[in-house]
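Below: target-v7.txt (compact mmCIF, C-alpha atoms)
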```
# COMPACT_ATOMS: atom_id res chain seq x y z
CA MET W 1 17.33 -26.75 -25.51
CA LEU W 2 17.86 -25.63 -21.96
CA SER W 3 20.10 -27.65 -19.74
CA PRO W 4 18.37 -29.44 -16.85
CA PHE W 5 20.22 -27.11 -14.47
CA ILE W 6 18.78 -23.94 -16.02
CA ASP W 7 15.43 -25.70 -16.23
CA THR W 8 15.43 -26.35 -12.48
CA LEU W 9 16.43 -22.76 -11.70
CA ILE W 10 13.59 -21.40 -13.84
CA SER W 11 11.13 -23.79 -12.23
CA LEU W 12 12.37 -22.76 -8.79
CA PHE W 13 11.99 -19.09 -9.67
CA ILE W 14 8.44 -19.47 -10.99
CA LYS W 15 7.23 -21.67 -8.12
CA PHE W 16 8.74 -19.52 -5.35
CA SER W 17 7.38 -16.36 -7.00
CA ALA W 18 3.89 -17.89 -7.08
CA LEU W 19 4.20 -18.83 -3.40
CA SER W 20 5.14 -15.28 -2.49
CA PHE W 21 1.76 -13.99 -3.71
CA LEU W 22 0.04 -16.23 -1.16
CA ALA W 23 2.29 -15.52 1.79
CA PHE W 24 -0.17 -13.86 4.16
CA GLY W 25 1.65 -14.04 7.46
CA GLY W 26 5.06 -13.91 5.77
CA VAL W 27 7.47 -16.77 5.17
CA ASN W 28 6.40 -18.49 8.42
CA ALA W 29 3.12 -19.37 6.73
CA LEU W 30 4.87 -20.83 3.68
CA LEU W 31 6.92 -23.57 5.33
CA PRO W 32 4.60 -26.52 4.54
CA ALA W 33 4.15 -25.39 0.91
CA LEU W 34 7.91 -24.94 0.67
CA TYR W 35 8.44 -28.46 2.00
CA GLU W 36 5.93 -29.84 -0.49
CA LEU W 37 7.60 -28.04 -3.43
CA SER W 38 11.21 -28.75 -2.66
CA VAL W 39 11.06 -32.18 -0.97
CA THR W 40 7.91 -34.04 -2.03
CA GLN W 41 7.42 -32.70 -5.56
CA GLY W 42 10.72 -31.32 -6.78
CA HIS W 43 13.08 -33.73 -4.99
CA TRP W 44 15.49 -30.79 -4.85
CA ILE W 45 16.49 -31.66 -1.28
CA THR W 46 15.82 -34.49 1.18
CA ALA W 47 13.51 -34.16 4.16
CA GLN W 48 16.57 -34.25 6.42
CA THR W 49 18.30 -31.42 4.56
CA PHE W 50 15.10 -29.36 4.69
CA ALA W 51 14.95 -29.78 8.46
CA ASP W 52 18.63 -28.89 8.82
CA TYR W 53 18.34 -25.81 6.57
CA PHE W 54 15.36 -24.66 8.60
CA ALA W 55 17.51 -25.02 11.73
CA ILE W 56 20.45 -23.14 10.18
CA ALA W 57 18.17 -20.32 9.03
CA ASN W 58 16.85 -20.02 12.58
CA ALA W 59 20.32 -19.92 14.08
CA ALA W 60 21.63 -17.31 11.60
CA PRO W 61 21.00 -13.58 11.97
CA GLY W 62 18.64 -12.07 9.46
CA PRO W 63 15.13 -12.36 8.07
CA ASN W 64 13.31 -15.68 8.23
CA PHE W 65 13.33 -16.28 4.48
CA LEU W 66 16.84 -17.74 4.72
CA THR W 67 15.49 -21.32 4.55
CA ILE W 68 14.47 -20.40 1.00
CA THR W 69 17.92 -18.95 0.29
CA LEU W 70 19.54 -22.21 1.41
CA ILE W 71 17.25 -24.37 -0.72
CA GLY W 72 18.18 -22.21 -3.73
CA TRP W 73 21.87 -22.49 -2.83
CA HIS W 74 21.60 -26.29 -2.65
CA VAL W 75 19.99 -26.39 -6.10
CA GLY W 76 22.17 -23.87 -7.91
CA GLY W 77 25.00 -22.48 -5.80
CA ILE W 78 25.27 -18.74 -5.24
CA LEU W 79 23.18 -18.06 -8.36
CA GLY W 80 20.47 -20.35 -7.00
CA ALA W 81 20.58 -18.62 -3.61
CA LEU W 82 20.08 -15.22 -5.25
CA ILE W 83 17.36 -16.45 -7.60
CA SER W 84 15.31 -18.07 -4.83
CA THR W 85 15.64 -15.03 -2.56
CA ILE W 86 14.63 -12.66 -5.35
CA ALA W 87 11.73 -14.95 -6.30
CA ILE W 88 10.24 -14.82 -2.80
CA SER W 89 10.77 -11.05 -2.54
CA TRP W 90 9.85 -9.42 -5.84
CA PRO W 91 6.08 -9.96 -6.04
CA SER W 92 5.24 -8.27 -2.76
CA SER W 93 7.91 -5.59 -3.31
CA VAL W 94 6.31 -4.57 -6.60
CA ILE W 95 2.80 -4.65 -5.12
CA ILE W 96 3.71 -2.63 -2.03
CA TYR W 97 5.67 -0.10 -4.09
CA PHE W 98 2.62 0.79 -6.14
CA VAL W 99 -0.01 0.21 -3.47
CA GLN W 100 1.44 2.06 -0.47
CA ARG W 101 0.68 5.54 -1.76
CA HIS W 102 -2.81 4.47 -2.73
CA ILE W 103 -3.48 3.05 0.73
CA ASN W 104 -1.97 6.10 2.42
CA ASN W 105 -4.32 8.34 0.49
CA MET W 106 -7.37 6.16 0.95
CA GLN W 107 -10.18 8.54 1.92
CA ASP W 108 -12.32 5.86 3.49
CA LEU W 109 -10.50 4.70 6.59
CA ARG W 110 -12.92 1.80 6.96
CA LYS W 111 -11.73 0.25 3.71
CA GLN W 112 -8.14 0.47 4.88
CA LYS W 113 -9.07 -1.13 8.22
CA THR W 114 -11.08 -3.83 6.45
CA ILE W 115 -8.11 -4.95 4.36
CA GLN W 116 -5.87 -4.80 7.41
CA TYR W 117 -8.18 -6.91 9.61
CA ALA W 118 -8.85 -9.45 6.84
CA ALA W 119 -5.15 -9.93 6.10
CA ALA W 120 -4.41 -10.30 9.82
CA GLY W 121 -7.20 -12.85 10.28
CA LEU W 122 -5.91 -14.96 7.39
CA ALA W 123 -2.33 -14.67 8.58
CA VAL W 124 -3.09 -16.06 12.06
CA GLY W 125 -4.73 -19.19 10.67
CA LEU W 126 -2.01 -19.75 8.09
CA VAL W 127 0.87 -19.36 10.55
CA LEU W 128 -0.74 -21.71 13.10
CA ALA W 129 -1.47 -24.30 10.41
CA SER W 130 2.09 -23.93 9.18
CA ALA W 131 3.53 -24.61 12.65
CA TRP W 132 1.32 -27.68 12.99
CA GLU W 133 2.18 -29.11 9.56
CA ILE W 134 5.86 -28.45 9.77
CA ALA W 135 6.04 -29.98 13.25
CA LEU W 136 4.56 -33.18 11.81
CA HIS W 137 7.26 -33.16 9.11
CA LEU W 138 10.28 -32.20 11.20
CA ASP W 139 9.71 -33.30 14.79
CA HIS W 140 10.47 -37.01 14.80
CA ASN W 141 10.25 -37.98 18.45
CA LEU W 142 8.55 -37.11 21.70
CA SER W 143 11.41 -34.99 23.01
CA ALA W 144 11.35 -32.83 19.85
CA TYR W 145 7.63 -32.21 20.35
CA ILE W 146 8.22 -31.36 24.01
CA LEU W 147 10.92 -28.88 22.98
CA THR W 148 8.61 -27.31 20.37
CA ILE W 149 5.72 -26.97 22.83
CA GLY W 150 8.08 -25.69 25.52
CA ALA W 151 9.42 -23.02 23.15
CA ILE W 152 5.85 -21.94 22.32
CA ALA W 153 4.92 -21.69 26.01
CA ILE W 154 8.08 -19.83 27.04
CA THR W 155 7.98 -17.24 24.25
CA PHE W 156 4.23 -16.78 24.68
CA PHE W 157 4.18 -16.29 28.45
CA THR W 158 7.60 -14.72 29.11
CA ARG W 159 9.86 -12.16 27.46
CA VAL W 160 12.86 -14.49 27.17
CA HIS W 161 14.81 -13.69 23.98
CA PRO W 162 14.34 -16.39 21.28
CA LEU W 163 18.12 -16.63 20.84
CA TYR W 164 18.47 -18.22 24.33
CA LEU W 165 15.92 -20.86 23.38
CA ILE W 166 17.76 -21.60 20.13
CA GLY W 167 20.94 -21.98 22.18
CA LEU W 168 19.13 -24.28 24.60
CA GLY W 169 17.84 -26.37 21.68
CA ALA W 170 21.37 -26.61 20.27
CA ILE W 171 22.79 -27.76 23.63
CA LEU W 172 20.06 -30.31 24.33
CA GLY W 173 20.37 -31.59 20.76
CA SER W 174 24.16 -31.91 20.78
CA LEU W 175 23.91 -33.87 24.06
CA GLY W 176 21.78 -36.36 22.14
CA LEU W 177 18.59 -35.54 24.03
CA VAL W 178 16.41 -34.60 21.02
CA MET B 1 10.70 3.49 -16.83
CA VAL B 2 9.33 7.02 -17.28
CA GLY B 3 6.21 6.07 -15.33
CA GLU B 4 8.25 4.61 -12.53
CA GLN B 5 10.32 7.72 -12.23
CA THR B 6 7.37 10.10 -12.03
CA SER B 7 5.68 7.99 -9.38
CA SER B 8 8.83 7.82 -7.27
CA ILE B 9 9.23 11.58 -7.47
CA SER B 10 5.66 12.15 -6.32
CA ILE B 11 6.17 9.78 -3.37
CA GLN B 12 9.18 11.83 -2.38
CA THR B 13 7.20 15.06 -2.44
CA ILE B 14 4.47 13.50 -0.34
CA SER B 15 6.87 12.45 2.38
CA GLN B 16 8.20 16.01 2.91
CA LEU B 17 10.95 14.70 5.12
CA LYS B 18 14.69 14.78 5.25
CA THR B 19 16.26 12.97 2.32
CA LEU B 20 18.50 9.95 2.56
CA THR B 21 20.79 8.68 -0.16
CA PRO B 22 20.52 5.10 -1.40
CA THR B 23 23.93 4.46 0.20
CA GLU B 24 22.67 5.55 3.61
CA LEU B 25 19.60 3.35 3.18
CA PHE B 26 21.79 0.41 2.16
CA ILE B 27 23.96 0.78 5.27
CA GLY B 28 20.99 1.30 7.59
CA PHE B 29 19.19 -1.80 6.35
CA SER B 30 22.42 -3.84 6.40
CA LYS B 31 22.58 -3.19 10.14
CA ILE B 32 18.97 -4.29 10.54
CA GLY B 33 19.50 -7.47 8.54
CA LEU B 34 22.64 -8.52 10.37
CA SER B 35 21.50 -7.73 13.90
CA GLY B 36 18.22 -9.57 13.72
CA PHE B 37 18.52 -12.81 15.64
CA GLY B 38 15.18 -14.50 16.11
CA GLY B 39 13.14 -12.11 13.98
CA VAL B 40 14.15 -8.88 12.32
CA LEU B 41 11.12 -6.67 12.98
CA PRO B 42 12.00 -5.64 16.56
CA TRP B 43 15.45 -4.64 15.30
CA ALA B 44 13.93 -2.69 12.45
CA ARG B 45 11.97 -0.65 14.97
CA ARG B 46 15.02 -0.12 17.18
CA THR B 47 17.17 1.02 14.25
CA LEU B 48 14.66 3.08 12.26
CA VAL B 49 12.88 4.77 15.16
CA GLU B 50 15.27 4.86 18.11
CA LYS B 51 18.78 4.94 16.66
CA GLU B 52 18.63 6.56 13.22
CA LYS B 53 15.40 8.47 13.87
CA TRP B 54 14.30 8.08 10.25
CA LEU B 55 10.70 7.49 11.33
CA SER B 56 8.57 8.45 14.31
CA SER B 57 7.05 5.62 16.31
CA GLU B 58 3.61 6.37 14.80
CA GLU B 59 5.00 6.46 11.25
CA PHE B 60 6.70 3.12 11.84
CA SER B 61 3.51 1.48 13.09
CA ALA B 62 1.44 2.90 10.24
CA MET B 63 3.99 1.79 7.65
CA LEU B 64 4.24 -1.69 9.15
CA GLY B 65 0.45 -1.90 9.09
CA ILE B 66 0.47 -1.23 5.35
CA CYS B 67 3.27 -3.75 4.81
CA GLN B 68 1.21 -6.42 6.51
CA LEU B 69 -1.68 -5.85 4.09
CA VAL B 70 0.12 -7.51 1.21
CA PRO B 71 1.46 -11.05 1.23
CA GLY B 72 5.20 -11.70 1.22
CA PRO B 73 8.08 -11.21 3.64
CA ASN B 74 6.97 -8.26 5.80
CA ILE B 75 10.48 -7.01 6.41
CA ILE B 76 11.16 -6.76 2.66
CA ASN B 77 7.92 -4.84 2.25
CA LEU B 78 9.06 -2.49 5.00
CA ALA B 79 12.39 -1.95 3.22
CA VAL B 80 10.49 -1.03 0.04
CA CYS B 81 8.22 1.41 1.93
CA VAL B 82 11.04 3.17 3.77
CA GLY B 83 13.46 3.10 0.84
CA SER B 84 11.01 4.45 -1.71
CA ARG B 85 9.79 7.12 0.69
CA TYR B 86 13.27 8.62 0.95
CA ALA B 87 14.84 7.89 -2.42
CA GLY B 88 12.31 6.43 -4.85
CA ILE B 89 12.97 3.21 -6.69
CA ARG B 90 16.72 3.42 -6.16
CA GLY B 91 16.16 3.82 -2.45
CA ALA B 92 13.83 0.80 -2.36
CA LEU B 93 16.40 -1.34 -4.19
CA ALA B 94 19.23 -0.13 -1.96
CA ALA B 95 17.21 -0.93 1.19
CA ILE B 96 16.31 -4.44 -0.05
CA LEU B 97 19.89 -5.23 -1.06
CA GLY B 98 21.23 -3.94 2.24
CA LEU B 99 18.75 -6.11 4.09
CA ILE B 100 19.41 -9.37 2.24
CA LEU B 101 23.03 -9.43 1.03
CA GLY B 102 24.74 -9.80 4.43
CA PRO B 103 22.42 -12.53 5.74
CA ILE B 104 22.64 -14.40 2.40
CA ALA B 105 26.46 -14.41 2.62
CA ILE B 106 26.40 -15.65 6.22
CA VAL B 107 23.85 -18.35 5.60
CA ILE B 108 25.82 -19.63 2.59
CA LEU B 109 28.94 -19.84 4.78
CA LEU B 110 26.91 -21.81 7.32
CA GLY B 111 25.67 -24.01 4.45
CA LEU B 112 29.28 -24.75 3.49
CA LEU B 113 30.11 -25.65 7.10
CA TYR B 114 27.04 -27.87 7.15
CA ASP B 115 28.25 -29.73 4.05
CA HIS B 116 31.53 -30.48 5.84
CA TYR B 117 30.30 -31.36 9.31
CA SER B 118 26.76 -32.67 8.95
CA TYR B 119 28.05 -36.28 9.14
CA MET B 120 28.85 -35.75 12.83
CA PRO B 121 26.13 -37.07 15.17
CA MET B 122 26.66 -34.11 17.49
CA VAL B 123 25.97 -31.61 14.68
CA GLN B 124 22.93 -33.61 13.58
CA GLY B 125 21.58 -33.58 17.12
CA MET B 126 22.25 -29.87 17.48
CA LEU B 127 20.31 -29.10 14.31
CA ARG B 128 17.40 -31.31 15.46
CA GLY B 129 17.24 -29.33 18.69
CA VAL B 130 17.38 -25.96 16.92
CA SER B 131 14.76 -27.01 14.39
CA ALA B 132 12.34 -28.11 17.16
CA VAL B 133 12.78 -24.71 18.84
CA GLY B 134 12.38 -22.94 15.47
CA ILE B 135 9.01 -24.61 14.93
CA GLY B 136 8.02 -23.49 18.42
CA LEU B 137 8.93 -19.89 17.49
CA VAL B 138 6.67 -20.06 14.43
CA GLY B 139 3.88 -21.44 16.61
CA SER B 140 4.21 -18.78 19.27
CA THR B 141 4.20 -16.07 16.57
CA GLY B 142 0.84 -17.49 15.51
CA PHE B 143 -0.53 -17.52 19.05
CA LYS B 144 0.68 -13.97 19.70
CA MET B 145 -1.03 -12.82 16.51
CA MET B 146 -4.19 -14.61 17.62
CA ARG B 147 -4.23 -12.66 20.88
CA THR B 148 -5.14 -9.45 19.02
CA GLU B 149 -8.05 -11.20 17.28
CA PHE B 150 -9.87 -11.53 20.61
CA SER B 151 -10.71 -7.80 20.44
CA TYR B 152 -13.41 -8.83 17.94
CA PRO B 153 -14.17 -12.53 18.56
CA PRO B 154 -16.09 -13.14 15.28
CA MET B 155 -12.73 -12.76 13.47
CA LEU B 156 -11.66 -15.95 15.24
CA ILE B 157 -14.04 -17.75 12.83
CA VAL B 158 -11.70 -16.68 10.01
CA THR B 159 -8.70 -17.96 11.94
CA LEU B 160 -10.37 -21.30 12.62
CA LEU B 161 -11.62 -21.62 9.04
CA THR B 162 -8.18 -20.78 7.60
CA LEU B 163 -6.59 -23.29 9.96
CA ILE B 164 -9.00 -26.07 8.95
CA ALA B 165 -8.74 -25.23 5.23
CA ALA B 166 -4.93 -25.12 5.39
CA LEU B 167 -4.78 -28.52 7.11
CA TYR B 168 -7.33 -29.99 4.71
CA PHE B 169 -5.84 -28.69 1.46
CA LYS B 170 -2.28 -29.26 2.69
CA GLN B 171 -0.27 -28.00 -0.30
CA GLY B 172 -3.05 -25.93 -1.92
CA LEU B 173 -2.32 -22.56 -0.33
CA GLY B 174 -4.03 -20.83 -3.26
CA TRP B 175 -7.32 -22.63 -2.52
CA VAL B 176 -7.11 -21.79 1.16
CA VAL B 177 -6.72 -18.07 0.46
CA LEU B 178 -9.42 -18.14 -2.23
CA ILE B 179 -11.99 -19.81 0.04
CA THR B 180 -11.33 -17.85 3.21
CA LEU B 181 -10.68 -14.38 1.78
CA PRO B 182 -14.35 -13.47 1.08
CA ILE B 183 -15.39 -14.43 4.61
CA ALA B 184 -12.36 -12.64 6.04
CA LEU B 185 -13.24 -9.47 4.11
CA TYR B 186 -16.91 -9.66 5.19
CA LEU B 187 -16.09 -10.02 8.89
CA ALA B 188 -13.27 -7.46 8.66
CA TRP B 189 -15.74 -4.97 7.16
CA LYS B 190 -18.10 -5.65 10.09
CA LYS B 191 -15.22 -5.16 12.51
CA ALA B 192 -14.18 -1.90 10.83
CA THR B 193 -17.72 -0.48 10.79
CA ARG B 194 -18.81 -1.45 14.31
CA ALA B 195 -19.33 1.33 16.89
```

For the structure just supplied, provide its representation as structure tokens.
Amino acid sequence: MLSPFIDTLISLFIKFSALSFLAFGGVNALLPALYELSVTQGHWITAQTFADYFAIANAAPGPNFLTITLIGWHVGGILGALISTIAISWPSSVIIYFVQRHINNMQDLRKQKTIQYAAAGLAVGLVLASAWEIALHLDHNLSAYILTIGAIAITFFTRVHPLYLIGLGAILGSLGLV
Amino acid sequence: MVGEQTSSISIQTISQLKTLTPTELFIGFSKIGLSGFGGVLPWARRTLVEKEKWLSSEEFSAMLGICQLVPGPNIINLAVCVGSRYAGIRGALAAILGLILGPIAIVILLGLLYDHYSYMPMVQGMLRGVSAVGIGLVGSTGFKMMRTEFSYPPMLIVTLLTLIAALYFKQGLGWVVLITLPIALYLAWKKATRA
């Protein structure tokens, strides 16, 4: 018999690994599925904690899979953090390790381009859908939506560094305006 | 294991470049992981191409292109590509570990702080503000990616279809990919063979 703790860690590993195979567009595209798995289905964390972990991951330096690391940490401490991070990383690492040489040597450049364009096309839709879904989950009032839309507009039309916007969000939020 | 070793050796001979030890790769990717506020990829370019000069600008773009072909965190894929090119499987592992260990440690420390201070209304408000901006950053990444699709407008059908399917099937990411992939491949083939 496995303890419930080990059981949860194994379940977390399998589910995050499966997600990784579908992550066209990277972790950004996975946020709604991640929410569904860890909040709605698994009850590993509350909706509030999910939102806060997403915020912390954005404020911390490093790759954007840190939301996943934090969910794992909440479930199983440092071991959980490592397991969840490895789960999201290993499938694509193994694929790319074996595939990169094959793609590099691909004689037919059109095939290479075809895969590239198809993956990019999928990624755009998935990332936009992800932003939409996750906004519905995490933005709870009008001012949060305004901040989200403002951040989209500013980073799309200007070259302002995202870190300034995160700082601005933190200031507006701590003043009780969000 | 024997198979893995032979394949890593042949990758090394293909690259015909200067060699880097796993330790050097670990340190290089640690810098990338820890410096990347608001997205790591621009920092990866700065470090790999401009500072360390491990890759030329063209090599970097080509490698990133390949990394974006497969699903998963692109920056991890890039670590595997660069690491294995210079030092086989051990290089790939060293690059991944360098990339993730520092940020994991920092984010766990932040998680501990969160456990202690999340009762404070000011901290809660701060996190709400940051999270709203974070969602905006995801959204603008999507819109920036969409900009390149306008070079061949039919591909926008794939984008629209994926968007609708993703919103319709909510948690069924597998279904979304399954349904849209054939159409994506068809239009991508058209795009690749035009002219």

Just need the residues of chain W within 6 Å of chain B, counting all atoms listed in the file, so spit them out as a ChimeraX atom specification. /W:20-24,26-27,33,52,55,61-63,92-93,110,113-114,116-119,121,124-125,127-129,131,144,148,151-152,156,162-163,166,169-170,173-174,176,178

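Relative to CA of Ser84 in chain W, CA of Thr69 in chain W is found at 5.8 Å.
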
By how many Å are CA of Leu126 in chain W and CA of Ala29 in chain W apart?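 According to the coordinates, CA of Leu126 in chain W and CA of Ala29 in chain W are separated by 5.3 Å.
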
Distance in Å - CA of Ile71 in chain W versus CA of Pro91 in chain W: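 The value is 19.0 Å.
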
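Using all atoms listed in the file, the protein and nucleic acid residues lying no more than 9 Å from Ile134 in chain W, apart from those fewer than 3 places from it along its own chain, are Leu31, Pro32, Tyr35, Ala129, Ser130, Ala131, His137, Leu138 and Asp139 of chain W; Ile135 of chain B.
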
Between W:Tyr53, W:Phe65, W:Trp132, W:Phe98, single out the one closest to Asp115 in chain B, counting all atoms listed in the file.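 Closest to Asp115 in chain B of all the choices is W:Tyr53.
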
Name all residues at most 8 Å from Ile83 in chain W (count all atoms listed in the file; drop same-chain ones fewer than 6 positions away) and give them as a JSON list (two decimals) with C-alpha atoms, in the coordinates of the input.
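After the write, selection17.json holds the following:
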```json
[["chain", "number", "residue", "atom", "x", "y", "z"],
["W", 9, "LEU", "CA", 16.43, -22.76, -11.70],
["W", 13, "PHE", "CA", 11.99, -19.09, -9.67],
["W", 72, "GLY", "CA", 18.18, -22.21, -3.73]]
```

Counting only C-alpha atoms, the residue of W:Leu12, W:Leu82, W:Ala123, W:Leu142 that sits nearest Leu30 in chain W: W:Ala123

Pick from B:Val82, B:Ile27, B:Leu48, B:Ile179: nearest to Tyr97 in chain W, with only C-alpha atoms counted?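 For Tyr97 in chain W, the nearest of the candidates is B:Val82.
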